[in-house]
Each structure stands twice: as C-alpha cells, then as structure tokens.
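Inspection log for the structure reproduced underneath, given as structure tokens.
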Amino acid sequence: MPNAGSGITDALVSALRRARSVAVLTGSGVSAESGVPTFRDAQTGLWARYEPQELATPEAFERDPGLVWEWYEWRRDLVRAAKPNPGHRALTELERRVPSFSLATQNVDGLHRRAGSESVLELHGNIMRSKCSVEGMEAEPREGDESVPPLCPGCGGFLRPDVVWFGEALPEDAFAAASGAARGCDVFLSAGTSSLVYPAASLPYEAARSGALLVEINPDDTPLTQHADHALRGRAGEVLPALVAALGEA
Ligand code: OAD
C-alpha cells in the first residue's frame with residue numbers, strides 16, 4: 001500500500017496513472033503550510049479575527065475604504081513573505097504528467113503560479129492585483145500616490161484589491177473553464193477547502209455527476225467527504241507529494 005496513513009490506495013494510484021484528464025480545486029488549506037492563514041480555521045483563520053462582512057464586501061468598502069484597503073495590505077504582506085510549499089509543487093509535477101490538467105483555485109495568493117503551475121484558474125481573483133472600484137478594470141496606483149486607498153490613474157476613483165467579495169460574481173471565463181474541466185475529467189482532486197463557499201464548492205459534485213473519481217485531501221471532514229471516493233486525511237503539503245510520488249517515475 002503506497003501511503004496507508006493518508007489513505008492512498010493502489011486503486012487510487014492506478015486510477016491516477018490511467019487518467020487522461022485531471023481537474024483540481026484548491027482552497028486556503030493548501031497555502032496554510034506556507035504561512036498564509038485559512039479563513040475558517042478556529043483561532044487562526046482570518047474569519048476568527050474579523051467578520052467577513054466587515055471587510056470582504058462592497059458595502060464594507062463603501063463604508064470604510066481605508067480600513068478595507070489596509071486589511072488587504074496586511075494580507076498582501078503575508079503573501080509577499082510566503083513561499084510555495086511541497087503541496088503547490090506536487091500539483092505542478094502532476095500537471096506535467098497528465099495529458100489534460102486544470103487547477104481551479106479559490107486562493108487569491110498567486111502561490112500556484114509562483115510554484116510553476118500553468119493552467120491556473122483564479123476563481124476569487126488575485127490579492128496582488130488592484131482594479132478601479134468605479135470602472136472595474138485592472139489598474140495600479142500612480143507613482144507616489146500616498147492616499148489610502150490609492151486612486152485610479154484614469155478616473156480618480158478608489159482602487160480596490162482585484163478579489164471577489166461576498167455577494168459578487170466570480171470571473172465568468174474562469175468559472176466556465178473550471179466547470180468544463182470538472183465535467184470532462186477522469187479524476188477530480190479537492191484539496192484544502194472546507195467546501196462551504198459556492199459556486200466553487202459545486203465543482204466536485206459536477207465532476208462526480210459526470211463520472212469522475214472524486215478525491216478529497218483535508219485533515220478534517222467537510223460536507224464533501226461523504227461524497228468522495230477517496231478521502232485522504234492529512235495536510236496537503238504531505239499528502240499531495242506522497243500521491244505524486246506513488247505514481248512512480250514519469
Ligand atoms: P476555509 O478556511 O473555509 O477552509 C480551509 C480548509 O482547509 C478547512 O477544511 C481545513 O480543514 C483545511 N486545511 C487546513 N490546513 C490544511 C492543510 N495543511 N492541508 C490541507 N487542508 C487544510 O478556506 P476555503 O475553503 O479556501 O472566499 O474558503 C473558501 C472561500 O471562503 C475563500 O476563497 C474565501 C472565503 O470566504 C472569498 O473571499 C470569496
């Protein structure tokens with residue numbers, strides 16, 4: 001048995017070896033071992049310290065744009081200091097080995113791309129990018145703009161982080177591509193997500209309905225666990241490398 005501890009079975013390894021197409025959905029648990037806080041982990045999660053509604057909504061930004069901008073600057077500093085971990089790198093390796101691969105992430109930290117993953121679909125945006133809160137297009141502050149938040153060089157409106165806030169729609173192209181990949185894959189991996197936030201959380205079910213083998217990687221149970229064909233218990237930074245290693249030489 002390749003890695004009984006986490007539940008990696010011969011059946012799973014051979015299914016992954018045979019797979020022509022693999023689709024992945026990741027959440028903040030995959031970045032936890034890089035020092036980026038998750039959202040809902042008690043005490044450590046961001047939402048343990050702040051009510052999401054207080055900071056991650058258009059209404060919160062309307063109410064106090066400076067507070068929201070500074071909170072995201074604090075999170076940007078955490079992301080700048082973070083490095084991809086073995087979990088991110090294992091997904092880059094899996095991408096190299098599977099003919100068709102798609103990596104949809106709810107994470108806004110950009111760590112999958114920094115690990116070298118190419119087919120990344122950012123479902124909730126990217127915290128390191130900014131956009132105009134009035135015109136909606138990507139924009140960066142003018143050199144020397146000290147205002148908080150900084151202003152759009154085009155219209156002078158406030159800039160905001162280019163992330164999806166509660167109540168906002170996901171980027172259509174990214175979500176459509178992720179849904180297509182889920183419907184067409186042989187194996188669907190859901191790693192490091194609480195499977196609570198929709199529509200991203202609907203992707204594993206879409207894959208299962210299309211006949212894909214559903215694999216969950218999480219130290220804890222989630223609403224998805226009972227639907228998974230393989231629920232691998234453990235941290236993504238340990239289980240994902242073990243799973244890819246179990247595939248043997250490329
Ligand atoms: P959550 O904080 O809701 O869930 C993190 C999950 O990762 C939990 O199920 C943990 O058990 C698991 N976990 C913790 N450490 C792990 C590790 N080392 N390896 C693997 N799993 C681990 O974060 P998300 O599911 O990403 O949305 O949250 C989804 C969305 O809710 C976020 O993208 C954000 C948030 O509100 C928006 O802001 C729109």
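Residues in the structure tokens are numbered from 1 in each chain, the chains being A, B, ... in the order shown, and ligands are numbered from 1 in the order shown.
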Mind running chain A against ligand 1 at 9 Å and telling me each contacting residue's nearest atom pair with the distance in Å (one decimal), counting only C-alpha atoms and all ligand atoms, chain and number ascending, as a tab-separated table?
```
residue	atom	partner	partner_atom_place_in_ligand_line	distance
A:Thr26	CA	ligand 1	26 (O)	6.9
A:Gly27	CA	ligand 1	26 (O)	3.3
A:Ser28	CA	ligand 1	26 (O)	3.8
A:Gly29	CA	ligand 1	7 (O)	3.4
A:Val30	CA	ligand 1	19 (N)	5.0
A:Ser31	CA	ligand 1	18 (N)	7.1
A:Ala32	CA	ligand 1	18 (N)	5.2
A:Glu33	CA	ligand 1	18 (N)	5.4
A:Ser34	CA	ligand 1	18 (N)	8.9
A:Pro37	CA	ligand 1	2 (O)	7.9
A:Thr38	CA	ligand 1	2 (O)	4.2
A:Phe39	CA	ligand 1	2 (O)	3.4
A:Arg40	CA	ligand 1	2 (O)	3.6
A:Asp41	CA	ligand 1	2 (O)	5.4
A:Ala42	CA	ligand 1	2 (O)	8.8
A:Gly45	CA	ligand 1	2 (O)	6.2
A:Leu46	CA	ligand 1	2 (O)	7.8
A:Trp47	CA	ligand 1	36 (O)	8.0
A:Pro52	CA	ligand 1	36 (O)	7.0
A:Ala56	CA	ligand 1	38 (O)	6.5
A:Thr57	CA	ligand 1	38 (O)	8.8
A:Gly87	CA	ligand 1	19 (N)	8.2
A:Thr105	CA	ligand 1	33 (O)	8.0
A:Gln106	CA	ligand 1	33 (O)	4.2
A:Asn107	CA	ligand 1	33 (O)	5.4
A:Val108	CA	ligand 1	33 (O)	7.3
A:Leu123	CA	ligand 1	33 (O)	8.2
A:His124	CA	ligand 1	39 (C)	5.7
A:Gly125	CA	ligand 1	39 (C)	8.8
A:Val163	CA	ligand 1	38 (O)	7.5
A:Val164	CA	ligand 1	39 (C)	5.1
A:Trp165	CA	ligand 1	39 (C)	5.1
A:Phe166	CA	ligand 1	39 (C)	5.4
A:Gly167	CA	ligand 1	39 (C)	8.3
A:Glu168	CA	ligand 1	39 (C)	8.1
A:Leu170	CA	ligand 1	39 (C)	8.5
A:Ala191	CA	ligand 1	20 (C)	6.0
A:Gly192	CA	ligand 1	21 (N)	3.3
A:Thr193	CA	ligand 1	25 (O)	3.3
A:Ser194	CA	ligand 1	9 (O)	3.5
A:Ser195	CA	ligand 1	25 (O)	5.5
A:Leu196	CA	ligand 1	25 (O)	6.5
A:Val197	CA	ligand 1	29 (C)	5.3
A:Tyr198	CA	ligand 1	30 (C)	8.3
A:Ala200	CA	ligand 1	29 (C)	8.0
A:Ala201	CA	ligand 1	29 (C)	8.2
A:Ile217	CA	ligand 1	20 (C)	6.1
A:Asn218	CA	ligand 1	21 (N)	4.1
A:Pro219	CA	ligand 1	11 (O)	5.5
A:Asp220	CA	ligand 1	11 (O)	4.7
A:Asp221	CA	ligand 1	9 (O)	7.1
A:Thr222	CA	ligand 1	9 (O)	6.1
A:Arg233	CA	ligand 1	20 (C)	8.5
A:Gly234	CA	ligand 1	19 (N)	6.4
A:Arg235	CA	ligand 1	19 (N)	3.5
A:Ala236	CA	ligand 1	19 (N)	3.8
A:Gly237	CA	ligand 1	18 (N)	6.2
A:Glu238	CA	ligand 1	19 (N)	8.0
A:Val239	CA	ligand 1	19 (N)	8.2
```
Please extract the residues of stretch 26-151 of chain A with a backbone DSSP assignment of alpha helix (DSSP H) and present them as a ChimeraX atom specification. /A:29-32,46-49,52-55,58-63,65-81,86-97,111-114
Using N, CA and C atoms, can you write the selected residues to a file as a short mmCIF file (atom, residue, chain, number, x, y, z; two decimals), in the first residue's frame?
```cif
data_model
loop_
_atom_site.label_atom_id
_atom_site.label_comp_id
_atom_site.auth_asym_id
_atom_site.auth_seq_id
_atom_site.Cartn_x
_atom_site.Cartn_y
_atom_site.Cartn_z
N GLY A 29 -6.44 25.89 2.62
CA GLY A 29 -5.69 24.87 3.35
C GLY A 29 -4.39 24.51 2.65
N VAL A 30 -4.37 24.63 1.31
CA VAL A 30 -3.15 24.30 0.55
C VAL A 30 -2.05 25.34 0.82
N SER A 31 -2.45 26.55 1.17
CA SER A 31 -1.45 27.60 1.46
C SER A 31 -1.15 27.74 2.95
N ALA A 32 -1.86 26.99 3.77
CA ALA A 32 -1.66 27.10 5.23
C ALA A 32 -0.21 26.79 5.61
N LEU A 46 -8.68 33.74 9.30
CA LEU A 46 -8.96 35.17 9.19
C LEU A 46 -10.34 35.49 9.76
N TRP A 47 -11.29 34.62 9.49
CA TRP A 47 -12.65 34.90 9.93
C TRP A 47 -12.80 34.71 11.43
N ALA A 48 -11.75 34.17 12.08
CA ALA A 48 -11.82 34.06 13.54
C ALA A 48 -11.54 35.43 14.13
N ARG A 49 -10.87 36.29 13.34
CA ARG A 49 -10.48 37.61 13.88
C ARG A 49 -11.44 38.69 13.39
N PRO A 52 -16.34 38.42 8.09
CA PRO A 52 -16.13 38.65 6.65
C PRO A 52 -16.90 39.87 6.16
N GLN A 53 -18.09 40.01 6.67
CA GLN A 53 -18.93 41.11 6.21
C GLN A 53 -18.30 42.45 6.55
N GLU A 54 -17.48 42.47 7.57
CA GLU A 54 -16.86 43.72 8.00
C GLU A 54 -15.84 44.21 6.97
N LEU A 55 -15.26 43.26 6.20
CA LEU A 55 -14.10 43.66 5.39
C LEU A 55 -14.17 43.19 3.94
N PRO A 58 -18.57 44.68 -0.83
CA PRO A 58 -18.62 46.04 -1.41
C PRO A 58 -19.17 47.05 -0.40
N GLU A 59 -20.10 46.61 0.44
CA GLU A 59 -20.69 47.51 1.44
C GLU A 59 -19.63 47.96 2.45
N ALA A 60 -18.78 47.00 2.86
CA ALA A 60 -17.72 47.35 3.83
C ALA A 60 -16.77 48.37 3.20
N PHE A 61 -16.48 48.18 1.91
CA PHE A 61 -15.57 49.11 1.22
C PHE A 61 -16.21 50.49 1.09
N GLU A 62 -17.52 50.47 0.82
CA GLU A 62 -18.28 51.73 0.71
C GLU A 62 -18.19 52.48 2.05
N ARG A 63 -18.38 51.70 3.13
CA ARG A 63 -18.43 52.28 4.49
C ARG A 63 -17.06 52.83 4.89
N PRO A 65 -13.42 52.58 3.06
CA PRO A 65 -12.44 52.06 2.08
C PRO A 65 -11.02 51.98 2.64
N GLY A 66 -10.65 52.90 3.52
CA GLY A 66 -9.29 52.88 4.09
C GLY A 66 -9.05 51.63 4.93
N LEU A 67 -10.04 51.29 5.78
CA LEU A 67 -9.90 50.11 6.64
C LEU A 67 -9.74 48.85 5.79
N VAL A 68 -10.60 48.73 4.78
CA VAL A 68 -10.55 47.53 3.93
C VAL A 68 -9.22 47.47 3.18
N TRP A 69 -8.79 48.62 2.63
CA TRP A 69 -7.52 48.62 1.89
C TRP A 69 -6.37 48.21 2.79
N GLU A 70 -6.33 48.75 4.02
CA GLU A 70 -5.22 48.43 4.94
C GLU A 70 -5.25 46.96 5.35
N TRP A 71 -6.45 46.40 5.47
CA TRP A 71 -6.53 44.97 5.82
C TRP A 71 -5.94 44.13 4.69
N TYR A 72 -6.28 44.52 3.45
CA TYR A 72 -5.73 43.78 2.31
C TYR A 72 -4.24 44.03 2.17
N GLU A 73 -3.72 45.19 2.52
CA GLU A 73 -2.27 45.45 2.50
C GLU A 73 -1.59 44.53 3.52
N TRP A 74 -2.22 44.36 4.69
CA TRP A 74 -1.67 43.45 5.71
C TRP A 74 -1.61 42.03 5.14
N ARG A 75 -2.71 41.59 4.48
CA ARG A 75 -2.71 40.25 3.90
C ARG A 75 -1.69 40.14 2.76
N ARG A 76 -1.52 41.21 1.96
CA ARG A 76 -0.53 41.21 0.87
C ARG A 76 0.87 40.99 1.44
N ASP A 77 1.14 41.60 2.57
CA ASP A 77 2.47 41.41 3.18
C ASP A 77 2.68 39.94 3.56
N LEU A 78 1.62 39.29 4.05
CA LEU A 78 1.73 37.87 4.40
C LEU A 78 2.03 37.05 3.14
N VAL A 79 1.35 37.39 2.06
CA VAL A 79 1.53 36.66 0.79
C VAL A 79 2.92 36.92 0.20
N ARG A 80 3.38 38.18 0.30
CA ARG A 80 4.72 38.50 -0.21
C ARG A 80 5.78 37.67 0.52
N ALA A 81 5.56 37.45 1.82
CA ALA A 81 6.55 36.72 2.64
C ALA A 81 6.42 35.21 2.47
N PRO A 86 5.49 22.18 -0.57
CA PRO A 86 5.53 20.94 -1.36
C PRO A 86 4.18 20.56 -1.97
N GLY A 87 3.08 21.02 -1.35
CA GLY A 87 1.76 20.75 -1.91
C GLY A 87 1.56 21.48 -3.24
N HIS A 88 1.95 22.74 -3.29
CA HIS A 88 1.86 23.51 -4.54
C HIS A 88 2.74 22.85 -5.60
N ARG A 89 3.96 22.48 -5.18
CA ARG A 89 4.91 21.93 -6.17
C ARG A 89 4.46 20.56 -6.68
N ALA A 90 3.82 19.78 -5.82
CA ALA A 90 3.33 18.46 -6.27
C ALA A 90 2.28 18.63 -7.37
N LEU A 91 1.45 19.67 -7.26
CA LEU A 91 0.43 19.91 -8.29
C LEU A 91 1.08 20.35 -9.61
N THR A 92 2.20 21.05 -9.49
CA THR A 92 2.94 21.44 -10.71
C THR A 92 3.48 20.18 -11.39
N GLU A 93 3.98 19.26 -10.59
CA GLU A 93 4.51 18.00 -11.13
C GLU A 93 3.38 17.16 -11.75
N LEU A 94 2.24 17.12 -11.09
CA LEU A 94 1.11 16.33 -11.62
C LEU A 94 0.66 16.92 -12.97
N GLU A 95 0.66 18.26 -13.06
CA GLU A 95 0.28 18.93 -14.31
C GLU A 95 1.20 18.47 -15.44
N ARG A 96 2.47 18.31 -15.13
CA ARG A 96 3.47 17.91 -16.13
C ARG A 96 3.21 16.47 -16.61
N ARG A 97 2.59 15.65 -15.75
CA ARG A 97 2.47 14.24 -16.06
C ARG A 97 1.14 13.82 -16.67
N LEU A 111 0.11 31.65 -5.21
CA LEU A 111 1.20 30.71 -4.93
C LEU A 111 1.27 29.55 -5.92
N HIS A 112 0.14 29.18 -6.53
CA HIS A 112 0.20 28.10 -7.52
C HIS A 112 1.06 28.53 -8.71
N ARG A 113 0.85 29.75 -9.18
CA ARG A 113 1.65 30.23 -10.32
C ARG A 113 3.11 30.37 -9.91
N ARG A 114 3.33 30.85 -8.68
CA ARG A 114 4.72 31.00 -8.22
C ARG A 114 5.41 29.65 -8.10
#
```
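Coordinates place atom CA of A:Gly7 at a distance of 21.7 Å from atom CA of A:Val98.
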Using only C-alpha atoms, pick whichever of A:Leu214, A:Arg209, A:Pro149, A:Ser130 has the shortest atom-to-atom distance to A:His230. A:Leu214
Length of the atom CA of A:Ser147 to atom CA of A:Gly110 vector [Å]: 25.6 Å
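Using only C-alpha atoms, the shortest contact distance between A:Ala19 and any of A:Ala246, A:Ala207, A:Leu103, A:Cys185 is found at A:Cys185.
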What is the distance between atom CA of A:Arg20 and atom CA of A:Pro99, in Å to one decimal? 5.5 Å
Identify, with DSSP run on backbone atoms, the residues in stretch 3-247 of chain A assigned to strand (DSSP E or B), and express the list as number ranges by chain. A: 3, 8, 21-26, 100-105, 120-122, 125-132, 138, 151, 158-163, 187-191, 213-217, 230-232
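Shell of A:Cys155 at 12 Å, with only C-alpha atoms counted and residues fewer than 4 places along the chain excluded, is Lys131, Cys132, Ser133, Val134, Glu135, Gly136, Met137, Ala139, Pro141, Arg142, Pro150, Leu151 and Leu159 of chain A.
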Hey, what's within 10 Å of A:Ala181 if we count only C-alpha atoms and toss same-chain stuff fewer than 5 positions away? As an mmCIF file with C-alpha atoms, in the first residue's frame, please?
```cif
data_model
loop_
_atom_site.group_PDB
_atom_site.id
_atom_site.type_symbol
_atom_site.label_atom_id
_atom_site.label_comp_id
_atom_site.auth_asym_id
_atom_site.auth_seq_id
_atom_site.Cartn_x
_atom_site.Cartn_y
_atom_site.Cartn_z
ATOM 1 C CA SER A 21 -7.658 14.360 -17.640
ATOM 2 C CA VAL A 22 -7.357 15.626 -14.054
ATOM 3 C CA ALA A 23 -9.155 18.642 -12.585
ATOM 4 C CA VAL A 24 -8.256 20.168 -9.228
ATOM 5 C CA SER A 100 -5.058 17.348 -19.704
ATOM 6 C CA PHE A 101 -4.891 19.220 -16.399
ATOM 7 C CA SER A 102 -6.828 22.101 -14.845
ATOM 8 C CA LEU A 103 -6.201 23.805 -11.497
ATOM 9 C CA ALA A 104 -9.040 25.981 -10.238
ATOM 10 C CA PHE A 175 -15.620 29.609 -13.664
ATOM 11 C CA ALA A 176 -16.879 28.377 -17.040
ATOM 12 C CA ASP A 186 -11.384 11.312 -15.076
ATOM 13 C CA PHE A 188 -11.159 15.343 -9.566
ATOM 14 C CA LEU A 203 -17.380 21.836 -8.943
ATOM 15 C CA GLU A 206 -20.356 18.407 -11.135
ATOM 16 C CA ALA A 207 -17.330 16.157 -11.678
#
```
